[in-house]
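**Student:** One structure, pasted below without further comment.
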Amino acid sequence: MGTAIDELQEEHEALLQFLYAAPVGLVQTNLIGDVQLINPLSAQLLMPIVTAGDLTNLFDVFNSVAPELRSMAATFPHTKGSICEGLRIQLTAGILGRQDPKILGFSLMKIAPDRLMAVITDMTKVIAQERQLKHSVAMFEAIVTGVTDYALMTLDREGLIESWNTSIERVTGFLAEEVIGKSFSIFYPAGTISADRVSDYLKEADADGWILDDGWRLKSGGEKFWGSSIITPLQDEIDEVANKNFRNENGNHHYALILRDITDKHMEADEYLRTIFSDHLTGISNRRAFFEAAALELKRWRRHPRPLCVMTIDADHFKRVNDTYGHTAGDEVLRNLASVLKNTTRDIDVVARIGGEEFAVLLPSTEIQNAYLIAERFRKTVEAQSVWVSGIEITYSVSIGLSTMEHSITGLDELLQRADKALYHAKNVGRNCTKVYEETS
Ligand SMILES: Nc1nc2c(ncn2[C@@H]2O[C@H](COP(=O)(O)OP(=O)(O)OP(=O)(O)O)[C@@H](O)[C@H]2O)c(=O)[nH]1
């Protein structure tokens, strides 16, 4: 008969075998993330973010791409249960030389008071399929929806509304005479679309056959609704026969715009989207949302280069804030930073927390001189205010790095690296300042 020790040994070996053969990545750690058991698949999946082969601590490994995991585990109040489920973590975006972002599915469970189990899967393909499906579903729904549920209009080559069906009035409240001859941007709330963007949308529709754009839209009375717009170029044979010279270089000069009010559906999906794209601490975009939006902007830039800047921001001496006032106060400062940043930028800018105390903003259609002014306005606002936590006044400052997109830049990773170099320069010259990337910086 085996002793209790033998039984434990057997159990342990069975667990090891299970770990080894499991079709998902499994990592067992203690509460602070020190790895106790790890299967080969995990090691393989985590490879892109493991520095110098060091897999000692799971939270250290994830620190650059999902810094929130550590505090999520630390603040989990129960002795057992799910800490996070199906979190999608963008792995390789932003890592120099990696053009193909890998996305991991990550779930973390507390399985005993002193033990965590992480389940890791490769979601890259699933997400690509989901995105494709989203487009197909939107197109399909636009086609099959009852005539009353969508507004249909035609646009000229500049995006000015030429004709419409009466459903526009039902969906948006605008009358024909109010919209004919106006840009379709009339349906966008102020600050959410620029003239450049209108023209880019049309060019994208030409290049890809269509473009889908979901977001806030405006009714004539100023009321907002969540709309889904699909723009497709119209291949108009009659016009081609009538006047060949009238066609633009892409061969299309009219577009159909289908605008649907999907507020109800959006509200249902909103909570889900928030968990995927929002940073849990500050509520602004998370790293994943930033990289997705930035990839789209860069794709646009490659087709139609327009000034595009990136700003990276790092709170100064933040360790000192944590050490002096505690981690909770530190969190409050980060929330303050995010909110000031959001308030000093436009709606069209992508404002995200991309690391622990690192933030980034993508500034489309912005010259570097203007990006500098925006950065300085933000920096001075931070400097001039204070955060109150439990009756204690905390002041802090930020350092900022800026870079601008150029043809010689290979991708987002390089653009970000340049901004980071400028940020490093700002730290080196004494912090609380903004520096623009220069070849020599
Ligand atoms: N409160 C809080 N602190 C965090 C979070 N993420 C990272 N940090 C802390 O941020 C600090 C970053 O410190 P460092 O990178 O050493 O730099 P620093 O003290 O900000 O100094 P400089 O960047 O050189 O000005 C570390 O102490 C981290 O623990 C978070 O979510 N909440």
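Chain identifiers are assigned as A, B, and so on, following the order in which chains appear in the structure tokens; residues are numbered from 1 within each chain, and ligands are numbered from 1 in order of appearance.
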With only C-alpha atoms and all ligand atoms counted, collect every polymer residue having an atom within 10 Å of ligand 1; state the result as a VMD selection string.
**Tutor:** chain A and resid 63 66 to 72 280 to 282 313 to 323 325 to 335 353 355 to 358 397 to 399 423 to 424 426 to 428 430 to 432
**Student:** Now that the selection is made, can you save its residues with C-alpha atoms as an mmCIF file, in the first residue's frame?
**Tutor:**
data_model
loop_
_atom_site.group_PDB
_atom_site.id
_atom_site.type_symbol
_atom_site.label_atom_id
_atom_site.label_comp_id
_atom_site.auth_asym_id
_atom_site.auth_seq_id
_atom_site.Cartn_x
_atom_site.Cartn_y
_atom_site.Cartn_z
ATOM 1 C CA ASN A 63 4.255 43.433 -17.647
ATOM 2 C CA ALA A 66 -0.919 43.542 -19.767
ATOM 3 C CA PRO A 67 0.441 45.305 -16.671
ATOM 4 C CA GLU A 68 -2.986 45.245 -15.046
ATOM 5 C CA LEU A 69 -2.814 41.482 -14.410
ATOM 6 C CA ARG A 70 -0.610 41.876 -11.367
ATOM 7 C CA SER A 71 -2.955 44.229 -9.575
ATOM 8 C CA MET A 72 -6.041 42.293 -10.710
ATOM 9 C CA HIS A 280 -9.882 48.543 -16.309
ATOM 10 C CA LEU A 281 -8.239 51.222 -14.157
ATOM 11 C CA THR A 282 -8.759 54.414 -16.144
ATOM 12 C CA ILE A 313 3.569 59.971 -21.920
ATOM 13 C CA ASP A 314 5.106 58.729 -18.701
ATOM 14 C CA ALA A 315 4.338 59.974 -15.195
ATOM 15 C CA ASP A 316 7.513 61.329 -13.567
ATOM 16 C CA HIS A 317 8.974 59.650 -10.477
ATOM 17 C CA PHE A 318 5.844 57.600 -10.226
ATOM 18 C CA LYS A 319 7.500 55.013 -8.040
ATOM 19 C CA ARG A 320 7.897 57.811 -5.473
ATOM 20 C CA VAL A 321 4.149 58.559 -5.631
ATOM 21 C CA ASN A 322 3.404 54.897 -4.900
ATOM 22 C CA ASP A 323 6.045 54.685 -2.183
ATOM 23 C CA TYR A 325 1.177 57.761 -0.718
ATOM 24 C CA GLY A 326 0.486 54.083 -1.427
ATOM 25 C CA HIS A 327 -0.559 52.115 -4.484
ATOM 26 C CA THR A 328 -4.222 53.172 -4.266
ATOM 27 C CA ALA A 329 -3.220 56.826 -4.393
ATOM 28 C CA GLY A 330 -0.943 55.951 -7.326
ATOM 29 C CA ASP A 331 -3.942 54.454 -9.096
ATOM 30 C CA GLU A 332 -5.903 57.662 -8.462
ATOM 31 C CA VAL A 333 -3.102 59.694 -10.038
ATOM 32 C CA LEU A 334 -3.187 57.439 -13.114
ATOM 33 C CA ARG A 335 -6.951 57.944 -13.365
ATOM 34 C CA ARG A 353 -2.952 53.400 -21.421
ATOM 35 C CA GLY A 355 1.586 50.125 -19.900
ATOM 36 C CA GLY A 356 1.608 50.580 -16.125
ATOM 37 C CA GLU A 357 2.232 54.326 -15.981
ATOM 38 C CA GLU A 358 2.691 54.784 -19.711
ATOM 39 C CA SER A 397 4.290 65.924 -13.605
ATOM 40 C CA VAL A 398 4.642 64.090 -16.898
ATOM 41 C CA SER A 399 7.326 63.703 -19.545
ATOM 42 C CA LEU A 423 10.411 60.536 -24.085
ATOM 43 C CA TYR A 424 13.652 59.087 -22.772
ATOM 44 C CA ALA A 426 12.709 64.327 -21.934
ATOM 45 C CA LYS A 427 13.408 62.223 -18.817
ATOM 46 C CA ASN A 428 17.146 62.695 -19.244
ATOM 47 C CA GLY A 430 15.108 66.749 -16.171
ATOM 48 C CA ARG A 431 11.515 65.501 -16.793
ATOM 49 C CA ASN A 432 8.306 67.605 -16.906
#
**Student:** May I ask for the distance between CA of Gly411 (chain A) and CA of Lys342 (chain A), given in Å to one decimal place?
**Tutor:**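 Going from CA of Gly411 (chain A) over to CA of Lys342 (chain A) covers 25.1 Å.
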**Student:** Determine, counting only C-alpha atoms, which protein, DNA and RNA residues have an atom within 6 Å of an atom of Leu152 (chain A); residues of the same chain fewer than 6 positions away are not included. Present the result as a list of chain:residue names.
**Tutor:**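 Listing them by chain and then by number gives A:Trp164, A:Asn165, A:Leu257, A:Ile258.
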**Student:** Can you check which residues of region 319-423 of chain A DSSP gives as strand (DSSP E) on the backbone and send them as a list in words?
**Tutor:**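 The strand (DSSP E) subset of region 319-423 of chain A is Val350, Val351, Ala352, Arg353, Glu358, Phe359, Ala360, Val361, Leu362, Leu363, Pro364, Val387, Trp388, Val389, Ile392, Glu393, Ile394, Val398, Ser399, Ile400, Gly401, Leu402, Ser403 and Thr404 of chain A.
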**Student:** Kindly give the distance, in Å, that separates CA of Tyr188 (chain A) and CA of Gly283 (chain A), rounded to a single decimal.
**Tutor:**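 Interatomic distance, CA of Tyr188 (chain A) to CA of Gly283 (chain A): 23.1 Å.
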**Student:** Quick one, how far is CA of Gln90 (chain A) from CA of Phe291 (chain A)?
**Tutor:**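 Answer for the CA of Gln90 (chain A) to CA of Phe291 (chain A) separation: 8.1 Å.
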**Student:** Hey, what's within 9 Å of Glu204 (chain A) if we count only C-alpha atoms and toss same-chain stuff fewer than 5 positions away? As a list in words, please?
**Tutor:**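 Residues meeting the cut-off are Ser199, Gly209, Trp210, Ile211, Arg300 and Arg303 of chain A.
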**Student:** Hey, what's within 7 Å of region 222-236 of chain A if we count only C-alpha atoms and toss same-chain stuff fewer than 4 positions away? As a list of chain:residue names, please?
**Tutor:** A:Ala205, A:Asp206, A:Gly209, A:Trp210, A:Ile211, A:Leu212, A:Asp213, A:Asp214, A:Gly215, A:Trp216, A:Arg217, A:Leu218, A:Glu240, A:Asn252, A:His254, A:Tyr255, A:Ala256, A:Leu257, A:Ile258, A:Leu259, A:Arg260, A:Asp261, A:Ile262, A:Thr263, A:His266
**Student:** Please determine, counting only C-alpha atoms, which residue among A:Val340, A:Tyr437, A:Phe378, A:Val35 has the shortest atom-to-atom distance to Cys309 (chain A).
**Tutor:**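 Distance minimum relative to Cys309 (chain A) lands on A:Tyr437.
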**Student:** Going by DSSP on the backbone, which bits of region 240-437 of chain A are alpha helix (DSSP H)? Write them as number ranges by chain, please.
**Tutor:** A: 240-242, 263-277, 287-303, 318-325, 327-343, 368-384, 412-428
**Student:** Which residues come within 10 Å of Arg197 (chain A), counting only C-alpha atoms, excluding same-chain residues fewer than 5 positions away, as a list of chain:residue names?
**Tutor:**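 Using only C-alpha atoms, the neighbours found are A:Ser185, A:Thr192, A:Leu202, A:Lys203, A:Arg300, A:Ile348, A:Pro364, A:Ser365.
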**Student:** Residues of the last selection are to be written out with C-alpha atoms, as a PDB file, in the first residue's frame.
**Tutor:**
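again.pdb, freshly written:
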ATOM      1  CA  SER A 185     -20.037  64.373 -42.159  1.00  0.00           C
ATOM      2  CA  THR A 192     -15.384  62.968 -34.635  1.00  0.00           C
ATOM      3  CA  LEU A 202     -14.182  57.376 -49.938  1.00  0.00           C
ATOM      4  CA  LYS A 203     -10.753  56.301 -51.113  1.00  0.00           C
ATOM      5  CA  ARG A 300      -4.652  54.731 -44.146  1.00  0.00           C
ATOM      6  CA  ILE A 348     -10.732  61.631 -33.127  1.00  0.00           C
ATOM      7  CA  PRO A 364      -4.369  61.807 -36.939  1.00  0.00           C
ATOM      8  CA  SER A 365      -4.233  64.776 -39.331  1.00  0.00           C
TER       9      SER A 365
END
**Student:** Could you pull the residues within 8 Å of Val310 (chain A), counting only C-alpha atoms, minus those fewer than 6 positions along the same chain, as a list in words?
**Tutor:**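 The filter keeps Ala360, Val361, Leu362, Leu363, Leu402, Ser403, Thr404, Leu415, Leu416 and Ala419 of chain A.
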**Student:** Considering only C-alpha atoms, can you say which of A:Thr3, A:Ser220, A:Thr121, A:Asn343 comes closest to Ile374 (chain A)?
**Tutor:** A:Asn343
